[in-house]
Amino acid sequence: MQDKNVRNRGAVSVYLALMLTVMIPLIFTMMEGVRINAVKTASECAVELSLNAVLAEYDRELLKQYDLLFINTAYDSKTGDLKNITDHLKHYVNENLDTGNDMLKLSLEDIECTAAARATDEDGAVFRYMALSYMLEKYCIAYAQDAFDMIKSSESSKLFTGNIEKEEAEAQKKLDDYKFEVPQVDDGNGGKMDDPDWEEPEKADPASKVNSGKKKGILKLSCEGELSKEAVDTGVYASHRDLVKGNGMCSDWDKREGLIYDCLFNEYIMEKTGDYRNEKEGSVLKYETEYVIAGRSADSDNLKAMAEKILLLRGASNTLYYATDKELTGAASTMAATLSAATGTAVLEPLYKTLISAAWIYAESVSDVKEIMNGGKVPLLKKKSDWKLSMENALAFKFDGLSETEDKGLDYEDHLRIFLYTLKEKERTGRMIDIVEMNIRASTENENFRMDDCIAAAAFTFKFRSAYGYDVMTSRTARYM
């Protein structure tokens with residue numbers, strides 16, 4: 001019996017010895033696998049934590065003033081460099097790897113930034129995308145519906161065509177340049193000659209006061225009070241200088257194209273910029289929205305351009321209504337007939353009527369601009385009760401004693417919205433970026449701020465090495481949206 005037990009114990013020992021030859025390599029293989037996975041997990045955790053830390057380094061002033069999330073790669077230096085962000089990432093990765101546990105012996109070898117979406121890339125498409133992201137989160141796409149409807153109405157009525165100022169000047173020139181035919185008389189030799197006793201009739205000048213008033217300029221005719229004299233050197237801002245190029249929009253970002261998105265971006269501009277009627281405290285230019293529309297260096301020039309645009313729009317609108325009002329056109333016909341009869345120039349009656357009509361519409365349009373620039377409203381398309389000037393006041397270029405404007409129609413800000421729409425997307429976005437640069441540079445310790453140094457997303461490749469002989473490479477993208 002004892003020998004049998006001894007034999008059994010020997011068999012177990014042999015069995016265990018044989019099993020260990022299988023188990024030990026398996027255990028070490030499993031340990032090695034755990035170490036490899038631990039290295040990968042540790043490296044990925046360090047990367048994720050570090051990317052979040054870098055994203056938390058968004059430009060505070062840019063968020064404060066414009067609700068935009070961008071990393072300024074200049075940090076505290078004068079010029080931006082992607083190396084700055086990789087240096088920050090290296091610091092954070094090393095901090096996250098330094099856990100006091102040396103079991104993995106893992107270290108960072110290198111970080112490479114392989115792509116970056118700069119704010120100014122693709123003519124400012126990245127900036128526009130981030131601004132629209134803010135607007136969609138704060139409001140929604142329907143927020144721009146009123147502006148959308150207003151612009152569609154303007155387009156369908158063809159209010160972006162025509163130039164009443166030019167039309168009035170051309171009508172005046174046709175009258176001024178008209179040459180009367182000299183009557184012919186018998187020359188005594190069976191032929192004809194010019195009548196030596198004929199005197200050229202004196203032409204009437206129904207638009208003389210309108211033309212005299214035009215010389216004052218639209219700002220003096222329409223604006224009250226002192227105007228801003230602020231000006232900038234536009235050459236130092238993004239839309240005028242050579243920019244550092246990035247890799248543009250992320251591949252999965254929606255382009256957000258179409259009129260409704262244009263209107264929503266315009267609402268962002270309206271929210272973040274000041275204008276003639278609503279100046280923004282602390283801004284470099286006082287008429288910022290007007291700068292976006294006109295792109296000139298001085299506030300006064302931008303405001304003048306805006307007033308001229310409103311004049312043309314009102315001229316097109318007033319011309320549409322004038323042509324349908326028989327009372328107005330009849331009054332012009334009567335006046336033209338009276339002038340031609342009084343001066344003995346019946347041949348000029350059609351020219352008189354054209355000039356009177358153009359001068360009347362021009363004066364009515366100036367009246368509208370004056371109303372709009374001083375806080376009133378004017379309907380986009382008029383009806384009979386909306387017409388303000390009599391023919392007598394129009395030709396006398398008198399705007400006193402007009403009836404109170406009803407609280408309906410489009411105000412100055414609505415006209416800004418209309419003309420923001422008429423811009424090319426590149427102009428609109430580029431000039432808005434200029435405004436951002438102006439005002440950020442005016443803040444403390446930001447005098448070298450540049451939007452092309454700011455990134456909304458960046459792709460990185462991380463290389464790690466373990467002292468146990470493992471190399472790990474991982475790629476990640478840091479992005480706000």
# chains A, B, ... in the order shown; residues from 1 in each chain; ligands from 1

call {"tool": "closest_atom_pairs", "arguments": {"of": "range 198-317 of chain A", "to": "range 112-116 of chain A", "cutoff": "10 Å", "atoms": "only C-alpha atoms", "output": "tab-separated table"}}
result
residue	atom	partner	partner_atom	distance
A:Lys245	CA	A:Ala116	CA	9.1
A:Gly246	CA	A:Ala116	CA	5.5
A:Asn247	CA	A:Ala116	CA	5.5
A:Gly248	CA	A:Ala116	CA	7.2
A:Met249	CA	A:Ala116	CA	8.8
A:Cys250	CA	A:Ala116	CA	8.8

call {"tool": "write_last_selection", "arguments": {"atoms": "C-alpha atoms", "output": "short mmCIF file (atom, residue, chain, number, x, y, z; two decimals), in the first residue's frame"}}
result
data_model
loop_
_atom_site.label_atom_id
_atom_site.label_comp_id
_atom_site.auth_asym_id
_atom_site.auth_seq_id
_atom_site.Cartn_x
_atom_site.Cartn_y
_atom_site.Cartn_z
CA LYS A 245 -1.73 78.88 -44.23
CA GLY A 246 -3.14 75.85 -42.46
CA ASN A 247 -5.00 72.75 -43.63
CA GLY A 248 -8.47 74.25 -43.70
CA MET A 249 -11.75 72.79 -42.56
CA CYS A 250 -11.89 69.37 -40.93
#

call {"tool": "residues_around", "arguments": {"residues": "Leu312 in chain A", "least_positions_apart": "2", "cutoff": "9 Å", "atoms": "only C-alpha atoms", "output": "MDAnalysis selection string"}}
result
chainID A and resid 159:165 307:310 314:317 365

call {"tool": "atom_distance", "arguments": {"atom1": "CA of Glu437 in chain A", "atom2": "CA of Tyr261 in chain A"}}
result
23.3 Å

call {"tool": "select_by_dssp", "arguments": {"residues": "range 167-330 of chain A", "states": "helix (DSSP H, G or I)", "output": "ChimeraX atom specification"}}
result
/A:167-177,208-214,218-222,234-236,259-272,288-294,299-322,326-330

call {"tool": "closest_atom_pairs", "arguments": {"of": "range 93-185 of chain A", "to": "range 336-355 of chain A", "cutoff": "8 Å", "atoms": "only C-alpha atoms", "output": "Markdown table"}}
result
| residue | atom | partner | partner_atom | distance |
| --- | --- | --- | --- | --- |
| A:Glu168 | CA | A:Leu355 | CA | 6.4 |
| A:Ala171 | CA | A:Leu355 | CA | 5.1 |
| A:Gln172 | CA | A:Leu355 | CA | 6.1 |
| A:Lys174 | CA | A:Leu351 | CA | 7.4 |
| A:Leu175 | CA | A:Leu351 | CA | 6.1 |

call {"tool": "write_last_selection", "arguments": {"atoms": "C-alpha atoms", "output": "PDB file, in the first residue's frame"}}
result
ATOM      1  CA  GLU A 168     -31.229 112.192 -62.301  1.00  0.00           C
ATOM      2  CA  ALA A 171     -31.758 113.442 -67.251  1.00  0.00           C
ATOM      3  CA  GLN A 172     -30.231 116.814 -66.392  1.00  0.00           C
ATOM      4  CA  LYS A 174     -29.861 115.430 -71.697  1.00  0.00           C
ATOM      5  CA  LEU A 175     -31.741 118.655 -71.055  1.00  0.00           C
TER       6      LEU A 175
END

call {"tool": "closest_residue", "arguments": {"among": "A:Glu48, A:Asp87, A:Asp386, A:Asp411", "to": "Val369 in chain A", "atoms": "only C-alpha atoms"}}
result
A:Asp411

call {"tool": "closest_residue", "arguments": {"among": "A:Thr79, A:Thr474, A:Thr273, A:Ser50", "to": "Asn446 in chain A", "atoms": "only C-alpha atoms"}}
result
A:Thr79

call {"tool": "closest_residue", "arguments": {"among": "A:Val366, A:Ser107, A:Thr324, A:Asp233", "to": "Lys220 in chain A", "atoms": "only C-alpha atoms"}}
result
A:Val366

call {"tool": "select_by_dssp", "arguments": {"residues": "range 53-130 of chain A", "states": "strand (DSSP E or B)", "output": "list in words"}}
result
Ile71, Asn72, Leu106, Ser107, Leu108, Glu109, Asp110, Ile111, Glu112, Cys113, Thr114, Ala115, Ala116, Ala117 and Arg118 of chain A

call {"tool": "write_last_selection", "arguments": {"atoms": "N, CA and C atoms", "output": "PDB file, in the first residue's frame"}}
result
ATOM      1  N   ILE A  71      -7.406  78.239 -30.074  1.00  0.00           N
ATOM      2  CA  ILE A  71      -6.109  78.247 -29.392  1.00  0.00           C
ATOM      3  C   ILE A  71      -5.208  79.226 -30.123  1.00  0.00           C
ATOM      4  N   ASN A  72      -4.671  80.183 -29.407  1.00  0.00           N
ATOM      5  CA  ASN A  72      -3.736  81.136 -29.995  1.00  0.00           C
ATOM      6  C   ASN A  72      -2.336  80.548 -29.876  1.00  0.00           C
ATOM      7  N   LEU A 106       7.640  54.085 -19.261  1.00  0.00           N
ATOM      8  CA  LEU A 106       7.161  54.676 -20.512  1.00  0.00           C
ATOM      9  C   LEU A 106       7.573  56.134 -20.600  1.00  0.00           C
ATOM     10  N   SER A 107       8.044  56.553 -21.747  1.00  0.00           N
ATOM     11  CA  SER A 107       8.454  57.955 -21.945  1.00  0.00           C
ATOM     12  C   SER A 107       8.009  58.443 -23.323  1.00  0.00           C
ATOM     13  N   LEU A 108       7.849  59.742 -23.433  1.00  0.00           N
ATOM     14  CA  LEU A 108       7.463  60.364 -24.698  1.00  0.00           C
ATOM     15  C   LEU A 108       8.696  60.618 -25.545  1.00  0.00           C
ATOM     16  N   GLU A 109       8.663  60.144 -26.764  1.00  0.00           N
ATOM     17  CA  GLU A 109       9.778  60.364 -27.673  1.00  0.00           C
ATOM     18  C   GLU A 109       9.611  61.641 -28.481  1.00  0.00           C
ATOM     19  N   ASP A 110       8.390  61.845 -29.043  1.00  0.00           N
ATOM     20  CA  ASP A 110       8.216  63.008 -29.914  1.00  0.00           C
ATOM     21  C   ASP A 110       6.723  63.249 -30.148  1.00  0.00           C
ATOM     22  N   ILE A 111       6.381  64.508 -30.475  1.00  0.00           N
ATOM     23  CA  ILE A 111       5.025  64.881 -30.903  1.00  0.00           C
ATOM     24  C   ILE A 111       5.158  65.690 -32.188  1.00  0.00           C
ATOM     25  N   GLU A 112       4.357  65.330 -33.171  1.00  0.00           N
ATOM     26  CA  GLU A 112       4.359  66.071 -34.438  1.00  0.00           C
ATOM     27  C   GLU A 112       2.938  66.556 -34.741  1.00  0.00           C
ATOM     28  N   CYS A 113       2.820  67.825 -35.040  1.00  0.00           N
ATOM     29  CA  CYS A 113       1.527  68.373 -35.472  1.00  0.00           C
ATOM     30  C   CYS A 113       1.420  68.165 -36.980  1.00  0.00           C
ATOM     31  N   THR A 114       0.487  67.340 -37.400  1.00  0.00           N
ATOM     32  CA  THR A 114       0.389  66.967 -38.815  1.00  0.00           C
ATOM     33  C   THR A 114      -0.621  67.802 -39.597  1.00  0.00           C
ATOM     34  N   ALA A 115      -1.529  68.491 -38.909  1.00  0.00           N
ATOM     35  CA  ALA A 115      -2.523  69.326 -39.591  1.00  0.00           C
ATOM     36  C   ALA A 115      -3.106  70.307 -38.594  1.00  0.00           C
ATOM     37  N   ALA A 116      -3.511  71.468 -39.095  1.00  0.00           N
ATOM     38  CA  ALA A 116      -4.120  72.484 -38.230  1.00  0.00           C
ATOM     39  C   ALA A 116      -5.140  73.292 -39.023  1.00  0.00           C
ATOM     40  N   ALA A 117      -6.287  73.527 -38.415  1.00  0.00           N
ATOM     41  CA  ALA A 117      -7.344  74.346 -39.024  1.00  0.00           C
ATOM     42  C   ALA A 117      -7.241  75.759 -38.476  1.00  0.00           C
ATOM     43  N   ARG A 118      -6.611  76.635 -39.254  1.00  0.00           N
ATOM     44  CA  ARG A 118      -6.433  78.027 -38.822  1.00  0.00           C
ATOM     45  C   ARG A 118      -7.694  78.834 -39.124  1.00  0.00           C
TER      46      ARG A 118
END

call {"tool": "residues_around", "arguments": {"residues": "Phe449 in chain A", "least_positions_apart": "6", "cutoff": "10 Å", "atoms": "only C-alpha atoms", "output": "number ranges by chain"}}
result
A: 72, 74-75, 77-80, 237, 436-443

call {"tool": "write_last_selection", "arguments": {"atoms": "N, CA and C atoms", "output": "PDB file, in the first residue's frame"}}
result
ATOM      1  N   ASN A  72      -4.671  80.183 -29.407  1.00  0.00           N
ATOM      2  CA  ASN A  72      -3.736  81.136 -29.995  1.00  0.00           C
ATOM      3  C   ASN A  72      -2.336  80.548 -29.876  1.00  0.00           C
ATOM      4  N   ALA A  74       0.407  81.662 -30.511  1.00  0.00           N
ATOM      5  CA  ALA A  74       1.452  82.592 -30.084  1.00  0.00           C
ATOM      6  C   ALA A  74       1.660  82.483 -28.577  1.00  0.00           C
ATOM      7  N   TYR A  75       0.615  82.093 -27.844  1.00  0.00           N
ATOM      8  CA  TYR A  75       0.672  82.073 -26.385  1.00  0.00           C
ATOM      9  C   TYR A  75       1.209  83.418 -25.888  1.00  0.00           C
ATOM     10  N   SER A  77       4.161  84.728 -26.722  1.00  0.00           N
ATOM     11  CA  SER A  77       5.200  85.269 -27.607  1.00  0.00           C
ATOM     12  C   SER A  77       4.583  86.207 -28.637  1.00  0.00           C
ATOM     13  N   LYS A  78       5.398  86.831 -29.439  1.00  0.00           N
ATOM     14  CA  LYS A  78       4.917  87.805 -30.419  1.00  0.00           C
ATOM     15  C   LYS A  78       4.335  87.149 -31.657  1.00  0.00           C
ATOM     16  N   THR A  79       4.831  85.977 -32.007  1.00  0.00           N
ATOM     17  CA  THR A  79       4.364  85.318 -33.229  1.00  0.00           C
ATOM     18  C   THR A  79       3.899  83.905 -32.919  1.00  0.00           C
ATOM     19  N   GLY A  80       2.930  83.452 -33.674  1.00  0.00           N
ATOM     20  CA  GLY A  80       2.406  82.115 -33.478  1.00  0.00           C
ATOM     21  C   GLY A  80       3.290  81.056 -34.121  1.00  0.00           C
ATOM     22  N   TYR A 237      -4.137  94.290 -41.207  1.00  0.00           N
ATOM     23  CA  TYR A 237      -5.141  93.316 -40.784  1.00  0.00           C
ATOM     24  C   TYR A 237      -5.299  92.175 -41.792  1.00  0.00           C
ATOM     25  N   VAL A 436     -12.186  91.761 -35.502  1.00  0.00           N
ATOM     26  CA  VAL A 436     -11.754  90.977 -34.347  1.00  0.00           C
ATOM     27  C   VAL A 436     -10.306  91.311 -34.006  1.00  0.00           C
ATOM     28  N   GLU A 437      -9.455  91.347 -35.009  1.00  0.00           N
ATOM     29  CA  GLU A 437      -8.042  91.661 -34.755  1.00  0.00           C
ATOM     30  C   GLU A 437      -7.874  93.064 -34.183  1.00  0.00           C
ATOM     31  N   MET A 438      -8.603  94.031 -34.721  1.00  0.00           N
ATOM     32  CA  MET A 438      -8.503  95.410 -34.205  1.00  0.00           C
ATOM     33  C   MET A 438      -8.765  95.462 -32.708  1.00  0.00           C
ATOM     34  N   ASN A 439      -9.857  94.861 -32.291  1.00  0.00           N
ATOM     35  CA  ASN A 439     -10.293  95.004 -30.910  1.00  0.00           C
ATOM     36  C   ASN A 439      -9.533  94.107 -29.946  1.00  0.00           C
ATOM     37  N   ILE A 440      -9.099  92.929 -30.394  1.00  0.00           N
ATOM     38  CA  ILE A 440      -8.275  92.087 -29.528  1.00  0.00           C
ATOM     39  C   ILE A 440      -6.915  92.751 -29.316  1.00  0.00           C
ATOM     40  N   ARG A 441      -6.372  93.337 -30.355  1.00  0.00           N
ATOM     41  CA  ARG A 441      -5.079  94.011 -30.215  1.00  0.00           C
ATOM     42  C   ARG A 441      -5.152  95.203 -29.270  1.00  0.00           C
ATOM     43  N   ALA A 442      -6.324  95.793 -29.165  1.00  0.00           N
ATOM     44  CA  ALA A 442      -6.498  96.937 -28.279  1.00  0.00           C
ATOM     45  C   ALA A 442      -6.590  96.529 -26.815  1.00  0.00           C
ATOM     46  N   SER A 443      -6.747  95.222 -26.547  1.00  0.00           N
ATOM     47  CA  SER A 443      -6.834  94.749 -25.168  1.00  0.00           C
ATOM     48  C   SER A 443      -5.434  94.550 -24.595  1.00  0.00           C
TER      49      SER A 443
END

call {"tool": "closest_residue", "arguments": {"among": "A:Ser333, A:Ser239, A:Thr319, A:Ser283", "to": "Glu427 in chain A", "atoms": "only C-alpha atoms"}}
result
A:Ser239

call {"tool": "closest_residue", "arguments": {"among": "A:Asn84, A:Thr289, A:Asn189, A:Ser153", "to": "Leu420 in chain A", "atoms": "only C-alpha atoms"}}
result
A:Thr289

call {"tool": "residues_around", "arguments": {"residues": "Gly124 in chain A", "least_positions_apart": "3", "cutoff": "12 Å", "atoms": "only C-alpha atoms", "output": "PyMOL selection string"}}
result
chain A and resi 117-121+127-131+238-239+243+245-246+248-249+255+425-434+451-452+454-456

call {"tool": "write_last_selection", "arguments": {"atoms": "N, CA and C atoms", "output": "JSON list (two decimals), in the first residue's frame"}}
result
[["chain", "number", "residue", "atom", "x", "y", "z"],
["A", 117, "ALA", "N", -6.29, 73.53, -38.42],
["A", 117, "ALA", "CA", -7.34, 74.35, -39.02],
["A", 117, "ALA", "C", -7.24, 75.76, -38.48],
["A", 118, "ARG", "N", -6.61, 76.63, -39.25],
["A", 118, "ARG", "CA", -6.43, 78.03, -38.82],
["A", 118, "ARG", "C", -7.69, 78.83, -39.12],
["A", 119, "ALA", "N", -7.95, 79.83, -38.29],
["A", 119, "ALA", "CA", -9.18, 80.62, -38.42],
["A", 119, "ALA", "C", -9.34, 81.23, -39.80],
["A", 120, "THR", "N", -8.24, 81.62, -40.42],
["A", 120, "THR", "CA", -8.30, 82.33, -41.70],
["A", 120, "THR", "C", -8.26, 81.40, -42.91],
["A", 121, "ASP", "N", -8.15, 80.09, -42.68],
["A", 121, "ASP", "CA", -8.07, 79.15, -43.80],
["A", 121, "ASP", "C", -9.33, 79.20, -44.67],
["A", 127, "PHE", "N", -13.17, 80.31, -39.43],
["A", 127, "PHE", "CA", -13.74, 81.35, -38.55],
["A", 127, "PHE", "C", -15.26, 81.36, -38.66],
["A", 128, "ARG", "N", -15.76, 81.33, -39.89],
["A", 128, "ARG", "CA", -17.21, 81.35, -40.12],
["A", 128, "ARG", "C", -17.88, 80.13, -39.49],
["A", 129, "TYR", "N", -17.24, 78.98, -39.61],
["A", 129, "TYR", "CA", -17.79, 77.74, -39.04],
["A", 129, "TYR", "C", -17.92, 77.87, -37.53],
["A", 130, "MET", "N", -16.91, 78.39, -36.87],
["A", 130, "MET", "CA", -16.94, 78.52, -35.41],
["A", 130, "MET", "C", -17.97, 79.57, -34.97],
["A", 131, "ALA", "N", -18.08, 80.66, -35.74],
["A", 131, "ALA", "CA", -19.08, 81.67, -35.41],
["A", 131, "ALA", "C", -20.49, 81.10, -35.57],
["A", 238, "ALA", "N", -5.98, 91.15, -41.35],
["A", 238, "ALA", "CA", -5.99, 89.86, -42.04],
["A", 238, "ALA", "C", -6.40, 89.92, -43.50],
["A", 239, "SER", "N", -7.43, 90.72, -43.82],
["A", 239, "SER", "CA", -7.93, 90.73, -45.20],
["A", 239, "SER", "C", -6.98, 91.40, -46.17],
["A", 243, "LEU", "N", -1.12, 85.68, -45.20],
["A", 243, "LEU", "CA", -1.49, 84.90, -44.03],
["A", 243, "LEU", "C", -0.72, 83.59, -43.95],
["A", 245, "LYS", "N", -0.74, 79.83, -43.74],
["A", 245, "LYS", "CA", -1.73, 78.88, -44.23],
["A", 245, "LYS", "C", -1.76, 77.63, -43.36],
["A", 246, "GLY", "N", -2.97, 77.12, -43.15],
["A", 246, "GLY", "CA", -3.14, 75.85, -42.46],
["A", 246, "GLY", "C", -3.73, 74.81, -43.39],
["A", 248, "GLY", "N", -7.06, 73.99, -43.41],
["A", 248, "GLY", "CA", -8.47, 74.25, -43.70],
["A", 248, "GLY", "C", -9.44, 73.49, -42.82],
["A", 249, "MET", "N", -10.66, 73.41, -43.31],
["A", 249, "MET", "CA", -11.75, 72.79, -42.56],
["A", 249, "MET", "C", -11.49, 71.30, -42.32],
["A", 255, "LYS", "N", -20.16, 72.36, -44.41],
["A", 255, "LYS", "CA", -19.83, 73.66, -44.99],
["A", 255, "LYS", "C", -20.83, 74.74, -44.62],
["A", 425, "GLU", "N", -18.81, 86.32, -49.84],
["A", 425, "GLU", "CA", -18.51, 85.68, -48.55],
["A", 425, "GLU", "C", -17.08, 85.97, -48.10],
["A", 426, "LYS", "N", -16.14, 85.99, -49.03],
["A", 426, "LYS", "CA", -14.75, 86.26, -48.69],
["A", 426, "LYS", "C", -14.60, 87.65, -48.09],
["A", 427, "GLU", "N", -15.28, 88.64, -48.67],
["A", 427, "GLU", "CA", -15.19, 90.01, -48.16],
["A", 427, "GLU", "C", -15.83, 90.11, -46.77],
["A", 428, "ARG", "N", -17.01, 89.56, -46.66],
["A", 428, "ARG", "CA", -17.75, 89.65, -45.40],
["A", 428, "ARG", "C", -16.97, 89.00, -44.25],
["A", 429, "THR", "N", -16.46, 87.78, -44.49],
["A", 429, "THR", "CA", -15.75, 87.07, -43.44],
["A", 429, "THR", "C", -14.40, 87.72, -43.16],
["A", 430, "GLY", "N", -13.68, 88.09, -44.22],
["A", 430, "GLY", "CA", -12.36, 88.68, -44.04],
["A", 430, "GLY", "C", -12.40, 89.98, -43.25],
["A", 431, "ARG", "N", -13.38, 90.83, -43.55],
["A", 431, "ARG", "CA", -13.46, 92.11, -42.85],
["A", 431, "ARG", "C", -13.93, 91.94, -41.41],
["A", 432, "MET", "N", -14.76, 90.92, -41.16],
["A", 432, "MET", "CA", -15.14, 90.64, -39.78],
["A", 432, "MET", "C", -13.92, 90.19, -38.99],
["A", 433, "ILE", "N", -13.07, 89.40, -39.61],
["A", 433, "ILE", "CA", -11.83, 88.99, -38.94],
["A", 433, "ILE", "C", -10.96, 90.21, -38.66],
["A", 434, "ASP", "N", -10.94, 91.17, -39.57],
["A", 434, "ASP", "CA", -10.22, 92.43, -39.33],
["A", 434, "ASP", "C", -10.71, 93.10, -38.05],
["A", 451, "MET", "N", -5.28, 86.52, -36.25],
["A", 451, "MET", "CA", -6.23, 85.41, -36.33],
["A", 451, "MET", "C", -5.66, 84.20, -37.06],
["A", 452, "ASP", "N", -4.67, 84.39, -37.92],
["A", 452, "ASP", "CA", -4.09, 83.22, -38.59],
["A", 452, "ASP", "C", -3.16, 82.44, -37.65],
["A", 454, "CYS", "N", -4.45, 81.52, -34.81],
["A", 454, "CYS", "CA", -5.45, 80.83, -33.99],
["A", 454, "CYS", "C", -5.98, 79.59, -34.71],
["A", 455, "ILE", "N", -6.05, 78.48, -33.98],
["A", 455, "ILE", "CA", -6.51, 77.23, -34.58],
["A", 455, "ILE", "C", -7.72, 76.69, -33.82],
["A", 456, "ALA", "N", -8.63, 76.09, -34.57],
["A", 456, "ALA", "CA", -9.83, 75.50, -33.98],
["A", 456, "ALA", "C", -9.70, 73.98, -33.87]]

call {"tool": "residues_around", "arguments": {"residues": "Leu410 in chain A", "least_positions_apart": "6", "cutoff": "8 Å", "atoms": "only C-alpha atoms", "output": "number ranges by chain"}}
result
A: 377-380
